[in-house]
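> Structure file run04.cif (mmCIF, C-alpha atoms) is given on the next line.
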```cif
data_query
#
loop_
_atom_site.label_atom_id
_atom_site.label_comp_id
_atom_site.auth_asym_id
_atom_site.auth_seq_id
_atom_site.Cartn_x
_atom_site.Cartn_y
_atom_site.Cartn_z
CA MET A 1 48.29 -46.29 -77.17
CA THR A 2 46.03 -48.90 -78.84
CA PRO A 3 45.83 -49.04 -82.66
CA SER A 4 42.31 -47.63 -82.45
CA ALA A 5 43.52 -44.41 -80.79
CA THR A 6 43.21 -41.46 -83.18
CA PRO A 7 45.04 -38.67 -81.38
CA ALA A 8 44.60 -36.18 -84.24
CA TYR A 9 40.82 -36.32 -83.81
CA ARG A 10 40.72 -36.41 -80.06
CA ARG A 11 38.57 -33.59 -78.74
CA LEU A 12 40.79 -30.95 -77.19
CA SER A 13 39.64 -27.87 -75.31
CA VAL A 14 40.26 -24.54 -77.03
CA GLU A 15 43.20 -23.88 -74.69
CA GLU A 16 44.69 -27.36 -75.21
CA ARG A 17 44.38 -27.03 -78.98
CA ARG A 18 45.91 -23.56 -78.97
CA SER A 19 48.81 -24.73 -76.87
CA GLN A 20 49.28 -27.82 -79.10
CA LEU A 21 49.52 -25.56 -82.16
CA LEU A 22 51.95 -23.18 -80.40
CA ASP A 23 54.15 -26.13 -79.37
CA ALA A 24 54.23 -27.35 -82.96
CA ALA A 25 55.06 -23.84 -84.20
CA LEU A 26 57.81 -23.35 -81.59
CA THR A 27 59.38 -26.68 -82.54
CA LEU A 28 59.38 -25.64 -86.22
CA PHE A 29 60.73 -22.14 -85.46
CA ALA A 30 63.40 -23.82 -83.32
CA HIS A 31 64.93 -25.41 -86.40
CA ARG A 32 64.07 -23.03 -89.22
CA ALA A 33 63.90 -19.29 -89.75
CA PRO A 34 60.32 -17.95 -89.41
CA GLU A 35 60.15 -17.11 -93.12
CA ASP A 36 60.76 -20.79 -93.95
CA VAL A 37 57.83 -22.03 -91.86
CA SER A 38 54.38 -22.14 -93.48
CA LEU A 39 50.97 -22.68 -91.89
CA ASP A 40 50.85 -25.96 -93.83
CA ASP A 41 53.97 -27.09 -91.98
CA VAL A 42 52.40 -26.22 -88.64
CA ALA A 43 49.18 -28.06 -89.54
CA GLU A 44 51.18 -31.10 -90.62
CA ALA A 45 53.39 -31.09 -87.51
CA ALA A 46 50.34 -30.83 -85.24
CA GLY A 47 48.42 -33.47 -87.26
CA VAL A 48 45.50 -31.12 -87.93
CA SER A 49 43.98 -29.46 -91.00
CA ARG A 50 45.14 -26.12 -92.32
CA PRO A 51 41.67 -24.53 -91.83
CA LEU A 52 41.87 -25.47 -88.16
CA VAL A 53 45.17 -23.57 -87.82
CA TYR A 54 43.50 -20.58 -89.48
CA ARG A 55 40.51 -20.85 -87.15
CA TYR A 56 42.84 -20.43 -84.16
CA PHE A 57 45.12 -17.89 -85.82
CA PRO A 58 42.94 -15.99 -88.31
CA GLY A 59 45.74 -13.42 -88.68
CA GLY A 60 47.79 -16.18 -90.36
CA LYS A 61 51.51 -16.62 -90.01
CA GLN A 62 52.24 -13.23 -88.45
CA GLN A 63 49.74 -13.88 -85.66
CA LEU A 64 51.01 -17.42 -85.10
CA TYR A 65 54.61 -16.19 -85.03
CA GLU A 66 53.79 -13.52 -82.48
CA ALA A 67 51.86 -15.98 -80.32
CA ALA A 68 54.77 -18.46 -80.47
CA LEU A 69 57.19 -15.64 -79.64
CA ARG A 70 55.05 -14.61 -76.65
CA SER A 71 54.96 -18.20 -75.46
CA ALA A 72 58.77 -18.45 -75.82
CA ALA A 73 59.16 -15.11 -74.00
CA GLU A 74 57.01 -16.47 -71.17
CA GLU A 75 59.22 -19.57 -70.97
CA LEU A 76 62.34 -17.40 -70.92
CA ARG A 77 60.95 -15.26 -68.08
CA HIS A 78 60.48 -18.43 -66.03
CA CYS A 79 64.22 -19.08 -66.39
CA PHE A 80 64.83 -15.97 -64.26
CA ASP A 81 62.62 -17.16 -61.37
CA GLU A 82 64.99 -17.73 -58.51
CA PRO A 83 64.35 -17.44 -54.75
CA LEU A 84 65.88 -14.34 -53.14
CA GLN A 85 67.93 -16.50 -50.78
CA GLY A 86 71.50 -17.69 -50.43
CA PRO A 87 74.72 -16.34 -51.95
CA LEU A 88 74.15 -14.15 -55.02
CA LEU A 89 76.49 -15.65 -57.61
CA PRO A 90 75.12 -19.21 -57.31
CA ARG A 91 71.64 -17.72 -57.87
CA LEU A 92 72.92 -16.11 -61.06
CA SER A 93 74.54 -19.42 -62.09
CA ARG A 94 71.28 -21.31 -61.67
CA ALA A 95 69.31 -18.73 -63.69
CA LEU A 96 71.96 -18.88 -66.44
CA ASP A 97 71.79 -22.70 -66.44
CA ARG A 98 68.07 -22.53 -67.14
CA TYR A 99 68.50 -19.77 -69.74
CA LEU A 100 71.29 -21.66 -71.56
CA GLY A 101 69.14 -24.80 -71.44
CA PHE A 102 66.46 -22.84 -73.29
CA VAL A 103 69.01 -21.58 -75.85
CA ASP A 104 70.33 -25.14 -76.34
CA GLU A 105 66.84 -26.57 -76.83
CA HIS A 106 65.51 -23.91 -79.22
CA ASP A 107 68.80 -23.17 -81.04
CA THR A 108 67.88 -22.02 -84.57
CA GLY A 109 64.55 -20.61 -83.42
CA PHE A 110 66.35 -18.68 -80.69
CA SER A 111 68.76 -17.15 -83.22
CA ALA A 112 65.96 -16.25 -85.63
CA LEU A 113 64.00 -14.75 -82.78
CA LEU A 114 66.81 -12.50 -81.54
CA GLN A 115 68.72 -11.67 -84.66
CA GLY A 116 65.93 -9.91 -86.50
CA GLY A 117 66.28 -9.70 -90.24
CA SER A 118 63.25 -11.95 -90.39
CA VAL A 119 60.49 -11.09 -92.85
CA VAL A 120 57.91 -11.16 -90.08
CA GLU A 121 59.88 -8.89 -87.77
CA THR A 122 57.80 -5.91 -86.67
CA SER A 123 57.95 -3.34 -83.91
CA ARG A 124 55.52 -5.58 -81.96
CA THR A 125 57.83 -8.59 -82.03
CA THR A 126 60.77 -6.33 -81.10
CA ALA A 127 58.72 -5.10 -78.12
CA ILE A 128 58.17 -8.70 -76.94
CA VAL A 129 61.92 -9.42 -77.00
CA ASP A 130 62.69 -6.08 -75.29
CA GLY A 131 60.17 -6.98 -72.59
CA VAL A 132 62.20 -10.11 -71.76
CA ARG A 133 65.40 -8.01 -71.56
CA ARG A 134 63.71 -5.55 -69.23
CA ALA A 135 62.39 -8.40 -67.07
CA ALA A 136 65.93 -9.83 -66.82
CA ALA A 137 67.29 -6.44 -65.68
CA GLU A 138 64.52 -6.05 -63.08
CA HIS A 139 65.28 -9.52 -61.69
CA ILE A 140 68.95 -8.62 -61.37
CA TYR A 141 68.24 -5.34 -59.52
CA ARG A 142 65.91 -7.19 -57.14
CA HIS A 143 68.52 -9.86 -56.38
CA LEU A 144 71.18 -7.18 -55.90
CA GLY A 145 68.82 -5.43 -53.45
CA VAL A 146 68.85 -2.22 -55.52
CA SER A 147 65.53 -0.41 -55.78
CA GLY A 148 66.52 2.69 -57.77
CA PRO A 149 69.41 1.79 -60.09
CA GLY A 150 71.31 4.87 -61.31
CA PRO A 151 72.37 5.37 -64.95
CA ARG A 152 75.84 3.78 -64.55
CA LEU A 153 74.54 0.62 -62.87
CA ARG A 154 71.69 0.44 -65.39
CA MET A 155 74.08 0.75 -68.32
CA THR A 156 76.33 -1.96 -66.84
CA VAL A 157 73.50 -4.43 -66.23
CA ARG A 158 71.78 -3.80 -69.58
CA THR A 159 75.08 -4.06 -71.46
CA TRP A 160 75.90 -7.34 -69.71
CA ILE A 161 72.45 -8.74 -70.63
CA THR A 162 73.14 -7.92 -74.30
CA ALA A 163 76.57 -9.53 -73.93
CA VAL A 164 74.85 -12.70 -72.63
CA GLU A 165 72.56 -12.73 -75.67
CA ALA A 166 75.47 -12.15 -78.03
CA ALA A 167 77.52 -14.87 -76.34
CA SER A 168 74.56 -17.31 -76.69
CA LEU A 169 74.26 -16.59 -80.41
CA ILE A 170 78.02 -16.94 -80.93
CA TRP A 171 77.95 -20.18 -78.91
CA LEU A 172 75.25 -21.59 -81.25
CA ASP A 173 77.25 -20.31 -84.20
CA GLU A 174 80.40 -22.09 -82.91
CA ASP A 175 78.65 -25.48 -82.62
CA LYS A 176 78.00 -25.03 -78.89
CA GLN A 177 81.67 -24.64 -77.95
CA PRO A 178 83.01 -24.11 -75.27
CA PRO A 179 81.01 -26.55 -73.06
CA VAL A 180 77.91 -24.97 -71.55
CA GLU A 181 79.25 -25.09 -67.95
CA GLU A 182 82.33 -23.14 -68.99
CA LEU A 183 80.17 -20.59 -70.83
CA ARG A 184 77.99 -20.18 -67.72
CA ASP A 185 80.97 -19.66 -65.39
CA TRP A 186 82.53 -17.24 -67.88
CA LEU A 187 79.31 -15.18 -68.00
CA VAL A 188 79.13 -15.03 -64.19
CA GLU A 189 82.77 -13.89 -64.02
CA GLN A 190 82.13 -11.31 -66.74
CA PHE A 191 79.25 -9.98 -64.63
CA VAL A 192 81.52 -9.43 -61.63
CA ALA A 193 84.28 -7.95 -63.83
CA VAL A 194 82.08 -5.37 -65.60
CA LEU A 195 80.46 -4.31 -62.31
CA THR A 196 83.93 -3.91 -60.81
CA VAL A 197 84.97 -1.56 -63.64
CA THR A 198 81.86 0.58 -63.10
CA ALA A 199 82.37 0.54 -59.32
CA SER A 200 85.48 2.74 -59.64
CA ARG A 201 83.30 5.67 -60.76
CA ASP A 202 79.91 4.90 -59.21
CA PRO A 203 79.29 4.51 -55.43
CA GLN A 204 76.03 2.58 -55.95
CA THR A 205 77.81 -0.05 -58.06
CA ALA A 206 80.73 -0.07 -55.58
CA ALA A 207 78.27 -1.02 -52.82
CA VAL A 208 76.90 -3.85 -54.98
CA VAL A 209 80.41 -5.17 -55.68
CA GLY A 210 81.20 -4.94 -51.96
CA ALA A 211 78.12 -7.05 -51.19
CA LEU A 212 79.12 -9.64 -53.84
CA ALA A 213 82.62 -9.88 -52.37
CA GLY A 214 81.32 -10.38 -48.81
CA ASP A 215 78.68 -12.79 -50.04
CA GLY A 216 80.37 -16.14 -49.49
CA ARG A 217 81.23 -15.17 -45.92
CA ASP A 218 77.79 -15.03 -44.34
CA MET B 219 75.18 33.01 -103.41
CA THR B 220 73.56 35.58 -105.70
CA PRO B 221 69.76 35.58 -106.11
CA SER B 222 70.25 34.25 -109.64
CA ALA B 223 72.01 31.10 -108.39
CA THR B 224 69.78 28.06 -108.84
CA PRO B 225 71.65 25.28 -107.05
CA ALA B 226 68.85 22.77 -107.56
CA TYR B 227 69.38 22.88 -111.30
CA ARG B 228 73.15 22.93 -111.26
CA ARG B 229 74.49 20.10 -113.42
CA LEU B 230 75.98 17.41 -111.18
CA SER B 231 77.83 14.33 -112.34
CA VAL B 232 76.03 11.02 -111.77
CA GLU B 233 78.33 10.27 -108.82
CA GLU B 234 77.87 13.73 -107.29
CA ARG B 235 74.11 13.50 -107.63
CA ARG B 236 74.02 10.03 -106.13
CA SER B 237 76.11 11.11 -103.20
CA GLN B 238 73.95 14.23 -102.73
CA LEU B 239 70.83 12.03 -102.53
CA LEU B 240 72.52 9.60 -100.12
CA ASP B 241 73.60 12.48 -97.88
CA ALA B 242 70.04 13.79 -97.81
CA ALA B 243 68.70 10.30 -97.03
CA LEU B 244 71.28 9.71 -94.28
CA THR B 245 70.38 13.04 -92.66
CA LEU B 246 66.69 12.09 -92.71
CA PHE B 247 67.35 8.55 -91.42
CA ALA B 248 69.50 10.15 -88.69
CA HIS B 249 66.45 11.80 -87.17
CA ARG B 250 63.58 9.51 -88.12
CA ALA B 251 62.97 5.77 -88.33
CA PRO B 252 63.31 4.46 -91.92
CA GLU B 253 59.58 3.72 -92.13
CA ASP B 254 58.83 7.40 -91.49
CA VAL B 255 60.99 8.64 -94.37
CA SER B 256 59.40 8.82 -97.84
CA LEU B 257 61.04 9.35 -101.23
CA ASP B 258 59.16 12.69 -101.33
CA ASP B 259 61.01 13.74 -98.15
CA VAL B 260 64.35 12.80 -99.70
CA ALA B 261 63.51 14.70 -102.91
CA GLU B 262 62.49 17.75 -100.89
CA ALA B 263 65.57 17.63 -98.65
CA ALA B 264 67.87 17.36 -101.67
CA GLY B 265 65.93 20.05 -103.58
CA VAL B 266 65.24 17.75 -106.54
CA SER B 267 62.15 16.19 -108.10
CA ARG B 268 60.73 12.86 -107.01
CA PRO B 269 61.21 11.32 -110.49
CA LEU B 270 64.91 12.17 -110.26
CA VAL B 271 65.19 10.24 -106.98
CA TYR B 272 63.48 7.30 -108.71
CA ARG B 273 65.84 7.58 -111.68
CA TYR B 274 68.81 7.03 -109.31
CA PHE B 275 67.06 4.50 -107.08
CA PRO B 276 64.54 2.67 -109.31
CA GLY B 277 64.08 0.10 -106.51
CA GLY B 278 62.46 2.87 -104.46
CA LYS B 279 62.78 3.26 -100.73
CA GLN B 280 64.26 -0.18 -100.03
CA GLN B 281 67.09 0.45 -102.51
CA LEU B 282 67.71 3.96 -101.18
CA TYR B 283 67.72 2.69 -97.58
CA GLU B 284 70.22 -0.04 -98.42
CA ALA B 285 72.45 2.42 -100.29
CA ALA B 286 72.31 4.85 -97.35
CA LEU B 287 73.08 1.99 -94.97
CA ARG B 288 76.07 0.94 -97.09
CA SER B 289 77.33 4.50 -97.11
CA ALA B 290 76.94 4.70 -93.29
CA ALA B 291 78.68 1.32 -92.94
CA GLU B 292 81.56 2.67 -95.04
CA GLU B 293 81.81 5.72 -92.78
CA LEU B 294 81.77 3.48 -89.69
CA ARG B 295 84.59 1.32 -91.08
CA HIS B 296 86.70 4.46 -91.47
CA CYS B 297 86.33 5.04 -87.72
CA PHE B 298 88.37 1.88 -87.14
CA ASP B 299 91.31 3.05 -89.30
CA GLU B 300 94.14 3.52 -86.87
CA PRO B 301 97.92 3.16 -87.46
CA LEU B 302 99.44 -0.01 -85.99
CA GLN B 303 101.81 2.07 -83.86
CA GLY B 304 102.14 3.17 -80.27
CA PRO B 305 100.55 1.78 -77.10
CA LEU B 306 97.44 -0.34 -77.76
CA LEU B 307 94.86 1.15 -75.42
CA PRO B 308 95.26 4.74 -76.70
CA ARG B 309 94.70 3.34 -80.22
CA LEU B 310 91.45 1.78 -79.01
CA SER B 311 90.48 5.07 -77.33
CA ARG B 312 90.99 7.02 -80.56
CA ALA B 313 88.94 4.54 -82.61
CA LEU B 314 86.15 4.67 -79.99
CA ASP B 315 86.24 8.49 -80.07
CA ARG B 316 85.57 8.41 -83.81
CA TYR B 317 82.92 5.71 -83.46
CA LEU B 318 81.10 7.57 -80.66
CA GLY B 319 81.32 10.78 -82.74
CA PHE B 320 79.47 8.89 -85.50
CA VAL B 321 76.85 7.65 -83.00
CA ASP B 322 76.42 11.18 -81.62
CA GLU B 323 76.01 12.71 -85.09
CA HIS B 324 73.57 10.13 -86.48
CA ASP B 325 71.70 9.37 -83.25
CA THR B 326 68.16 8.33 -84.24
CA GLY B 327 69.33 6.96 -87.58
CA PHE B 328 71.99 4.91 -85.79
CA SER B 329 69.39 3.39 -83.43
CA ALA B 330 66.99 2.61 -86.26
CA LEU B 331 69.83 1.07 -88.24
CA LEU B 332 70.96 -1.25 -85.45
CA GLN B 333 67.79 -2.05 -83.60
CA GLY B 334 65.91 -3.68 -86.44
CA GLY B 335 62.18 -3.76 -86.11
CA SER B 336 62.13 -1.51 -89.14
CA VAL B 337 59.70 -2.27 -91.95
CA VAL B 338 62.53 -2.25 -94.47
CA GLU B 339 64.75 -4.61 -92.49
CA THR B 340 65.83 -7.58 -94.59
CA SER B 341 68.53 -10.21 -94.43
CA ARG B 342 70.54 -7.97 -96.82
CA THR B 343 70.52 -5.00 -94.46
CA THR B 344 71.36 -7.33 -91.56
CA ALA B 345 74.33 -8.59 -93.58
CA ILE B 346 75.60 -5.01 -94.07
CA VAL B 347 75.52 -4.35 -90.32
CA ASP B 348 77.15 -7.74 -89.59
CA GLY B 349 79.90 -6.84 -92.07
CA VAL B 350 80.77 -3.78 -89.96
CA ARG B 351 80.89 -5.93 -86.81
CA ARG B 352 83.19 -8.41 -88.52
CA ALA B 353 85.43 -5.59 -89.76
CA ALA B 354 85.66 -4.23 -86.21
CA ALA B 355 86.70 -7.67 -84.89
CA GLU B 356 89.35 -8.07 -87.64
CA HIS B 357 90.80 -4.64 -86.79
CA ILE B 358 91.05 -5.62 -83.14
CA TYR B 359 92.83 -8.93 -83.89
CA ARG B 360 95.28 -7.08 -86.15
CA HIS B 361 96.07 -4.48 -83.47
CA LEU B 362 96.47 -7.22 -80.86
CA GLY B 363 98.91 -8.98 -83.21
CA VAL B 364 96.77 -12.14 -83.28
CA SER B 365 96.51 -13.88 -86.64
CA GLY B 366 94.45 -16.96 -85.75
CA PRO B 367 92.12 -16.06 -82.88
CA GLY B 368 90.79 -19.15 -81.06
CA PRO B 369 87.13 -19.61 -80.04
CA ARG B 370 87.53 -18.09 -76.55
CA LEU B 371 89.29 -14.94 -77.75
CA ARG B 372 86.80 -14.65 -80.63
CA MET B 373 83.85 -14.93 -78.29
CA THR B 374 85.35 -12.32 -75.96
CA VAL B 375 86.05 -9.80 -78.72
CA ARG B 376 82.71 -10.32 -80.50
CA THR B 377 80.80 -10.09 -77.22
CA TRP B 378 82.61 -6.86 -76.33
CA ILE B 379 81.75 -5.37 -79.75
CA THR B 380 78.06 -6.14 -79.12
CA ALA B 381 78.42 -4.59 -75.67
CA VAL B 382 79.81 -1.41 -77.29
CA GLU B 383 76.79 -1.27 -79.62
CA ALA B 384 74.39 -1.86 -76.75
CA ALA B 385 76.11 0.79 -74.63
CA SER B 386 75.85 3.28 -77.53
CA LEU B 387 72.12 2.64 -77.90
CA ILE B 388 71.56 2.93 -74.14
CA TRP B 389 73.65 6.13 -74.13
CA LEU B 390 71.38 7.65 -76.82
CA ASP B 391 68.36 6.41 -74.88
CA GLU B 392 69.66 8.07 -71.69
CA ASP B 393 70.06 11.50 -73.37
CA LYS B 394 73.78 10.97 -73.96
CA GLN B 395 74.67 10.49 -70.30
CA PRO B 396 77.31 9.88 -68.94
CA PRO B 397 79.60 12.30 -70.86
CA VAL B 398 81.12 10.75 -73.97
CA GLU B 399 84.70 10.77 -72.58
CA GLU B 400 83.58 8.77 -69.56
CA LEU B 401 81.71 6.31 -71.79
CA ARG B 402 84.84 5.88 -73.94
CA ASP B 403 87.12 5.25 -70.94
CA TRP B 404 84.55 2.86 -69.46
CA LEU B 405 84.43 0.86 -72.73
CA VAL B 406 88.25 0.63 -72.86
CA GLU B 407 88.36 -0.59 -69.24
CA GLN B 408 85.57 -3.11 -69.97
CA PHE B 409 87.68 -4.41 -72.86
CA VAL B 410 90.65 -5.07 -70.56
CA ALA B 411 88.38 -6.56 -67.86
CA VAL B 412 86.60 -9.06 -70.12
CA LEU B 413 89.87 -10.14 -71.73
CA THR B 414 91.33 -10.65 -68.25
CA VAL B 415 88.43 -12.95 -67.30
CA THR B 416 88.98 -15.05 -70.44
CA ALA B 417 92.75 -15.10 -69.86
CA SER B 418 92.33 -17.35 -66.82
CA ARG B 419 91.17 -20.21 -69.07
CA ASP B 420 92.80 -19.41 -72.43
CA PRO B 421 96.58 -19.09 -72.99
CA GLN B 422 96.14 -17.08 -76.22
CA THR B 423 94.07 -14.44 -74.41
CA ALA B 424 96.52 -14.55 -71.47
CA ALA B 425 99.33 -13.59 -73.88
CA VAL B 426 97.23 -10.69 -75.21
CA VAL B 427 96.51 -9.43 -71.68
CA GLY B 428 100.21 -9.74 -70.86
CA ALA B 429 101.06 -7.60 -73.89
CA LEU B 430 98.46 -4.98 -72.87
CA ALA B 431 99.89 -4.83 -69.34
CA GLY B 432 103.47 -4.39 -70.57
CA ASP B 433 102.35 -1.89 -73.19
CA GLY B 434 102.91 1.41 -71.41
CA ARG B 435 106.47 0.38 -70.53
CA ASP B 436 108.09 0.27 -73.95
#
```
For the structure just supplied, provide its representation as structure tokens.

Amino acid sequence: MTPSATPAYRRLSVEERRSQLLDAALTLFAHRAPEDVSLDDVAEAAGVSRPLVYRYFPGGKQQLYEAALRSAAEELRHCFDEPLQGPLLPRLSRALDRYLGFVDEHDTGFSALLQGGSVVETSRTTAIVDGVRRAAAEHIYRHLGVSGPGPRLRMTVRTWITAVEAASLIWLDEDKQPPVEELRDWLVEQFVAVLTVTASRDPQTAAVVGALAGDGRD
Amino acid sequence: MTPSATPAYRRLSVEERRSQLLDAALTLFAHRAPEDVSLDDVAEAAGVSRPLVYRYFPGGKQQLYEAALRSAAEELRHCFDEPLQGPLLPRLSRALDRYLGFVDEHDTGFSALLQGGSVVETSRTTAIVDGVRRAAAEHIYRHLGVSGPGPRLRMTVRTWITAVEAASLIWLDEDKQPPVEELRDWLVEQFVAVLTVTASRDPQTAAVVGALAGDGRD
């Protein structure tokens, strides 16, 4: 970094510039509600002119918000990437560690993103968030070795995923208490507990719980 | 009902007329997303003129939607009214029966109301829905005999309430399967299970679980 370096005017490729603007937008959305972020703010944070932001996002704030949301959704999906090897619950713990790391990093933006009530909320943004939920459920079925989850197992897994989201929002709301490791362990234990309740009336879920119980032994 | 009866022109008091319009709106919102309901539809369903709907709701659709939402929120709060007597879990069962009856009756409107993504969603409507969630949590603390719930008990109860909402939406999505009585019992058992998980690291929750376990005996 010499004094003559002028990073704002460095030539970036279209993809680099786009990703620079999305990063700036995500950082802003991480600390303010979407309705409190203007294109001027994004231009200022990225050190570029407002017309340049418009050139990349001619649809204005709504388009930028959706692109930032898609980029955050992509990042969230990566949290779920976990090899299909080793005992199941530690795999879930590791995925939750990455997910909670994302929540911790993007705090306010994460709340705004999930809680709705935002002025730029539309059925398209809702669909992006629902896509992440569906991806999380699919990952869980794959790790559990279930290819055709029945309605009771589906309801249990989908309900637990919503509980994880709710717990994350409450955790942010409660100044990140309890400590993140305790929250993670609690979520893993909740997962086993809710599956166990369903197992008493669903053979498919009972088989899954049986596999979890025998898991540490092999 | 004689042929000469003209109910549309019967003189109603301001309160009666308002409540007639809200009922018509709630019925429409119960089967269509808010963005697909127009003031014309409400006027037609209530058998009144469009100007009359505007006279009562000069803010137009947004005002009518919020008023209908408030009226639904009021109805939901009544579901939680339950005497502070008798064993705890049957009290919870009865409240859930009323709540699930509401979900069953208002199906599409209930989804639209909770899922957001609606064009008329605002921070005010979000606050109305959050108020119902808070009321549900307060009812639960009162029934559990807890006056100052700590962070772990709060997180458990609030997370379970979100899980109930999610399960209701999934239940509607899955053509109301499993049967409503099974869903109710499952939710009660989930409540005990998630509290039991928290009890292992929180003395306040452990005392609550102890009281639930001893409940049938006195």
> Chain B residues within 10 Å of chain A, counting all atoms listed in the file: which ones, as a PyMOL selection string?
chain B and resi 333-345+369-370+372-374+376-389+392+395-396+400-401+404-405+407-416+418-419
> Please indicate the distance in Å from atom CA of Val347 of chain B to atom CA of Leu240 of chain B, rounded to one decimal place.
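We find that atom CA of Val347 of chain B and atom CA of Leu240 of chain B lie 17.3 Å from each other.
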> If you measure from atom CA of His139 of chain A to atom CA of Ala68 of chain A, what distance in Å do you get, rounded to one decimal?
23.3 Å
> Quick one: distance from atom CA of Asp81 of chain A to atom CA of Arg134 of chain A in Å, one decimal?
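Atom-to-atom, atom CA of Asp81 of chain A and atom CA of Arg134 of chain A are spaced 14.1 Å apart.
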> Take the PyMOL selection byres ((chain A and resi 135) around 12), run it mentally on this structure, and tell me the resulting residues as a VMD selection string.
chain A and resid 73 to 74 76 to 81 128 to 134 136 to 142 157 to 158 161
> For a cutoff of 7 Å around the file-coordinate point (66.0, 10.8, -87.0), which residues qualify once you count only C-alpha atoms? I'd like the result as number ranges by chain.
B: 246-251, 325-327
> List the residues matched by the PyMOL selection byres ((chain A and resi 42) around 10) in the displayed structure as a VMD selection string, ordered by chain and then by residue number.
chain A and resid 21 to 29 37 to 41 43 to 50 53 61 64
> Apply the PyMOL selection byres ((chain A and resi 95) around 10) to the displayed file and report the matching residues as a ChimeraX atom specification.
/A:78-82,89-94,96-101,184
